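Only one structure is covered here, and it is reproduced in the block below.
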Amino acid sequence: MGEDAKKLAIVGGGAAGLAAAIAAGERARAIGVPLDVVVFERDDRVGRSILATGNGRCNFSNEYPHADDYHSGDFVGGAFGALLASVSETASDRDLKIIRDNGHVVNAFFYKHGLMWRVEDDGRQYPRTNKASTVVDVLRRAARNVGVREACEREVAAIDPPRGHGGQFTLRMADGTLERADAVIVACGGRALAALGACGLPVVAQRPMLGPLRCAETAETRELDNIRVRCDVSLVRKGERVAGERGELMFRKYGVSGICVFNLSRFAQAGDTLRIDFLQSGSIDDAVHYLYARRKLLAGTFGDGVTCEDMTRGLLLPRVADVVLKRVGMAAGDRFEKADVEKLARVLTAFDLTVEGMGDETICQVRRGGLDVGAFDCATMEAKELPGLYATGEALDVDGPCGGYNLHWAWSSGMLAGRSAAERLLQPLESGLRVATPARCGEDVR
């Protein structure tokens with residue numbers, strides 16, 4: 001790389017950082033002007049954080065990402081629209097066809113670089129190999145192709161802004177050395193916040209998200225520890241339903257876990273009621289009708305001596321049935337009368353637990369909080385008051401539900417920041433550069 005080449009430093013070699021590096025390198029190559037793109041990663045290799053996603057399978061995106069699914073949704077919608085506008089305006093006919101054929105820009109990006117995938121429930125996308133390492137391999141190959149440099153075991157401890165107009169950023173490394181860069185993309189999540197102290201950017205306090213919930217009824221959840229059930233589960237606050245999910249719930253000694261619970265944890269507050277509907281019935285009336293019909297059916301099979309155990313056998317796991325019947329005030333051997341139908345229906349459709357807070361925070365998938373999105377331009381990912389500094393992925397106060405949404409945001413915001421930074425740095429050097437006119441914040445165009 002020539003001495004006159006502009007330098008773009010990317011802090012963090014995870015999903016957002018690699019996407020930013022590739023996008024910047026490819027944009028610079030398309031423009032025909034050299035750009036020195038360096039990824040600083042504190043681990044001994046880039047992409048390590050990707051390897052742990054999706055239990056090692058990497059749920060890398062979703063077929064149907066929508067801004068409304070995200071915290072800070074208006075900002076996310078603007079970024080999605082800006083990325084599509086930027087890519088479309090400078091894309092070849094071939095690349096435009098790839099975007100159309102693959103549904104959104106992230107899919108087109110991975111398809112173009114050789115990744116094949118399959119779609120599972122709720123639009124979740126996984127590499128066809130079922131290995132997260134495949135995604136990392138594809139990304140590293142794409143980065144090498146455009147000359148991205150990996151600087152591993154190089155932790156950035158602090159970032160100092162330029163001292164004057166046209167000056168460079170200073171990266172203070174943990175080993176005491178200094179690096180200079182004409183622009184910086186922060187792509188390393190929560191740990192980047194301390195490094196940005198000198199830049200004076202507003203920060204939203206962070207807290208764990210997408211994890212299990214701790215509940216007050218530990219005597220019951222302890223008895224059901226590690227049991228999984230398919231159910232509807234919802235959050236109720238002051239009598240109003242706040243959010244709901246359908247899926248597999250797992251009881252834990254301290255409360256409940258499972259993907260449906262992880263998604264609800266984004267909305268949960270201490271004191272909320274977590275309402276479990278084992279029947280997935282939709283209403284108490286439907287449950288009552290079903291249990292009357294079930295009792296009548298079993299009476300025709302076993303005679304009039306239908307027991308509570310008969311009513312729950314084949315419907316619930318035995319340990320779950322025992323706990324449910326205790327709440328009703330009944331035992332397995334008790335005779336089940338018509339008068340008991342409504343009591344059982346109420347517990348089966350509203351097995352309520354009281355939320356106390358997050359459960360095991362070590363397994364939470366993301367952290368809510370980070371750099372305030374209000375300080376950044378959703379059309380470029382650039383800090384409004386500090387030109388040349390960009391933020392992506394978990395560094396920003398953005399999070400989505402399980403299902404590939406958070407990685408989709410990492411790729412999207414990384415690509416947008418990388419393209420924007422390259423265009424900003426190289427525009428004065430290339431009079432013929434076309435810069436896309438992005439969508440405004442709040443527009444949701446994928």
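We name chains A, B, ... following the order of the structure tokens; residues begin at 1 in each chain, and ligands are numbered from 1 as shown.
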
| For Gly305 (chain A): contacts at 8 Å, only C-alpha atoms, fewer than 3 positions along chain excluded, given as a list in words |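 In the requested form, the answer reads Ala299, Phe302, Arg335 and Phe336 of chain A.
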
| request: Pull the strand (DSSP E) assignments for region 40-145 of chain A out of DSSP run on the backbone, and list those residues as a PyMOL selection string. | output: chain A and resi 40-41+61-62+117-119+124-127

| message | Between CA of Gly13 (chain A) and CA of Asp360 (chain A), what is the distance in Å, rounded to a tenth? | response |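 Interatomic distance, CA of Gly13 (chain A) to CA of Asp360 (chain A): 26.6 Å.
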
| task | Mind checking which residues fall within 9 Å of region 99-112 of chain A, counting only C-alpha atoms, ignoring those fewer than 3 positions away in the same chain, and posting them as JSON, numbers by chain? | result | {"A": [61, 62, 63, 64, 65, 80, 83, 84, 87, 88, 94, 95, 96, 115, 116, 117, 135, 138, 139, 408, 411, 412, 415, 446]}

Deliver the residues from the most recent selection as a file, using N, CA and C atoms, as a JSON list (two decimals), in the first residue's frame.
```
[["chain", "number", "residue", "atom", "x", "y", "z"],
["A", 61, "SER", "N", -28.65, -14.68, 9.44],
["A", 61, "SER", "CA", -29.60, -13.64, 9.03],
["A", 61, "SER", "C", -31.01, -14.21, 9.09],
["A", 62, "ASN", "N", -31.95, -13.43, 8.61],
["A", 62, "ASN", "CA", -33.34, -13.83, 8.57],
["A", 62, "ASN", "C", -33.92, -13.40, 7.22],
["A", 63, "GLU", "N", -34.83, -14.18, 6.71],
["A", 63, "GLU", "CA", -35.43, -13.84, 5.42],
["A", 63, "GLU", "C", -36.28, -12.58, 5.48],
["A", 64, "TYR", "N", -36.80, -12.26, 6.67],
["A", 64, "TYR", "CA", -37.79, -11.18, 6.76],
["A", 64, "TYR", "C", -37.41, -10.13, 7.80],
["A", 65, "PRO", "N", -36.24, -9.53, 7.74],
["A", 65, "PRO", "CA", -35.89, -8.50, 8.73],
["A", 65, "PRO", "C", -36.70, -7.24, 8.51],
["A", 80, "PHE", "N", -31.20, 0.58, 6.93],
["A", 80, "PHE", "CA", -31.53, -0.42, 5.91],
["A", 80, "PHE", "C", -31.79, 0.26, 4.57],
["A", 83, "LEU", "N", -28.51, 1.68, 3.06],
["A", 83, "LEU", "CA", -27.64, 0.65, 2.50],
["A", 83, "LEU", "C", -28.14, 0.20, 1.13],
["A", 84, "LEU", "N", -29.43, -0.05, 1.03],
["A", 84, "LEU", "CA", -29.98, -0.48, -0.26],
["A", 84, "LEU", "C", -29.78, 0.59, -1.32],
["A", 87, "VAL", "N", -25.94, 0.75, -2.27],
["A", 87, "VAL", "CA", -25.51, -0.40, -3.06],
["A", 87, "VAL", "C", -26.15, -0.37, -4.44],
["A", 88, "SER", "N", -27.44, -0.06, -4.50],
["A", 88, "SER", "CA", -28.16, -0.08, -5.78],
["A", 88, "SER", "C", -27.64, 0.96, -6.75],
["A", 94, "ARG", "N", -25.57, -7.12, -12.92],
["A", 94, "ARG", "CA", -25.42, -8.45, -12.32],
["A", 94, "ARG", "C", -25.70, -8.39, -10.82],
["A", 95, "ASP", "N", -25.11, -7.40, -10.14],
["A", 95, "ASP", "CA", -25.30, -7.31, -8.70],
["A", 95, "ASP", "C", -26.73, -6.93, -8.33],
["A", 96, "LEU", "N", -27.36, -6.10, -9.13],
["A", 96, "LEU", "CA", -28.76, -5.76, -8.89],
["A", 96, "LEU", "C", -29.64, -7.00, -9.00],
["A", 115, "LEU", "N", -21.33, -18.09, -0.13],
["A", 115, "LEU", "CA", -22.01, -18.83, 0.93],
["A", 115, "LEU", "C", -23.35, -19.37, 0.44],
["A", 116, "MET", "N", -23.62, -20.61, 0.74],
["A", 116, "MET", "CA", -24.92, -21.21, 0.49],
["A", 116, "MET", "C", -25.58, -21.47, 1.83],
["A", 117, "TRP", "N", -26.90, -21.39, 1.87],
["A", 117, "TRP", "CA", -27.60, -21.52, 3.14],
["A", 117, "TRP", "C", -28.94, -22.21, 2.98],
["A", 135, "VAL", "N", -19.04, -19.50, 7.63],
["A", 135, "VAL", "CA", -19.30, -18.07, 7.47],
["A", 135, "VAL", "C", -18.01, -17.28, 7.64],
["A", 138, "VAL", "N", -15.72, -17.67, 4.61],
["A", 138, "VAL", "CA", -16.19, -16.86, 3.48],
["A", 138, "VAL", "C", -15.80, -15.40, 3.67],
["A", 139, "LEU", "N", -15.98, -14.89, 4.89],
["A", 139, "LEU", "CA", -15.66, -13.49, 5.17],
["A", 139, "LEU", "C", -14.17, -13.22, 5.05],
["A", 408, "HIS", "N", -27.95, -9.79, 11.34],
["A", 408, "HIS", "CA", -28.38, -9.03, 10.16],
["A", 408, "HIS", "C", -28.05, -7.55, 10.35],
["A", 411, "TRP", "N", -24.16, -7.08, 9.98],
["A", 411, "TRP", "CA", -23.71, -7.04, 8.59],
["A", 411, "TRP", "C", -24.15, -5.73, 7.91],
["A", 412, "SER", "N", -25.42, -5.39, 8.09],
["A", 412, "SER", "CA", -25.98, -4.21, 7.40],
["A", 412, "SER", "C", -25.28, -2.93, 7.82],
["A", 415, "MET", "N", -21.60, -2.94, 6.62],
["A", 415, "MET", "CA", -21.45, -2.63, 5.20],
["A", 415, "MET", "C", -21.68, -1.15, 4.92],
["A", 446, "ARG", "N", -35.31, -2.53, 2.88],
["A", 446, "ARG", "CA", -34.26, -3.51, 3.13],
["A", 446, "ARG", "C", -33.33, -3.67, 1.95]]
```

| field | Within 12 Å of Leu178 (chain A) using only C-alpha atoms, minus same-chain residues under 2 positions, as a list in words | value |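 Counting only the stated atoms, we get Arg154, Glu155, Val156, Ala157, Ala158, Ile159, Asp160, Gln168, Phe169, Thr170, Leu171, Arg172, Met173, Ala174, Asp175, Gly176, Arg180 and Ala181 of chain A.
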
| message | I want to know what sits within 9 Å of Ala205 (chain A), based on only C-alpha atoms, with residues of the same chain fewer than 3 positions away left out; could you give that as a list in words? | response |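 The contact residues come out as Arg368, Gly369, Gly370 and Leu371 of chain A.
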
| task | List every residue of region 184-396 of chain A that DSSP, applied to the backbone, labels as helix (DSSP H, G or I), and write the result as a PyMOL selection string. | result | chain A and resi 189-195+197-199+218-223+259-264+284-302+308-312+318-328+338-349+361-363+373-375+393-395

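Here the question is which of A:Asp285, A:Glu356, A:Glu361, A:Glu217 gets nearest to Ala268 (chain A) using only C-alpha atoms, and that residue is A:Glu356.
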
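Closest approach to Leu8 (chain A) among A:Val184, A:Leu317, A:Val136, A:Leu235: A:Val184, based on only C-alpha atoms.
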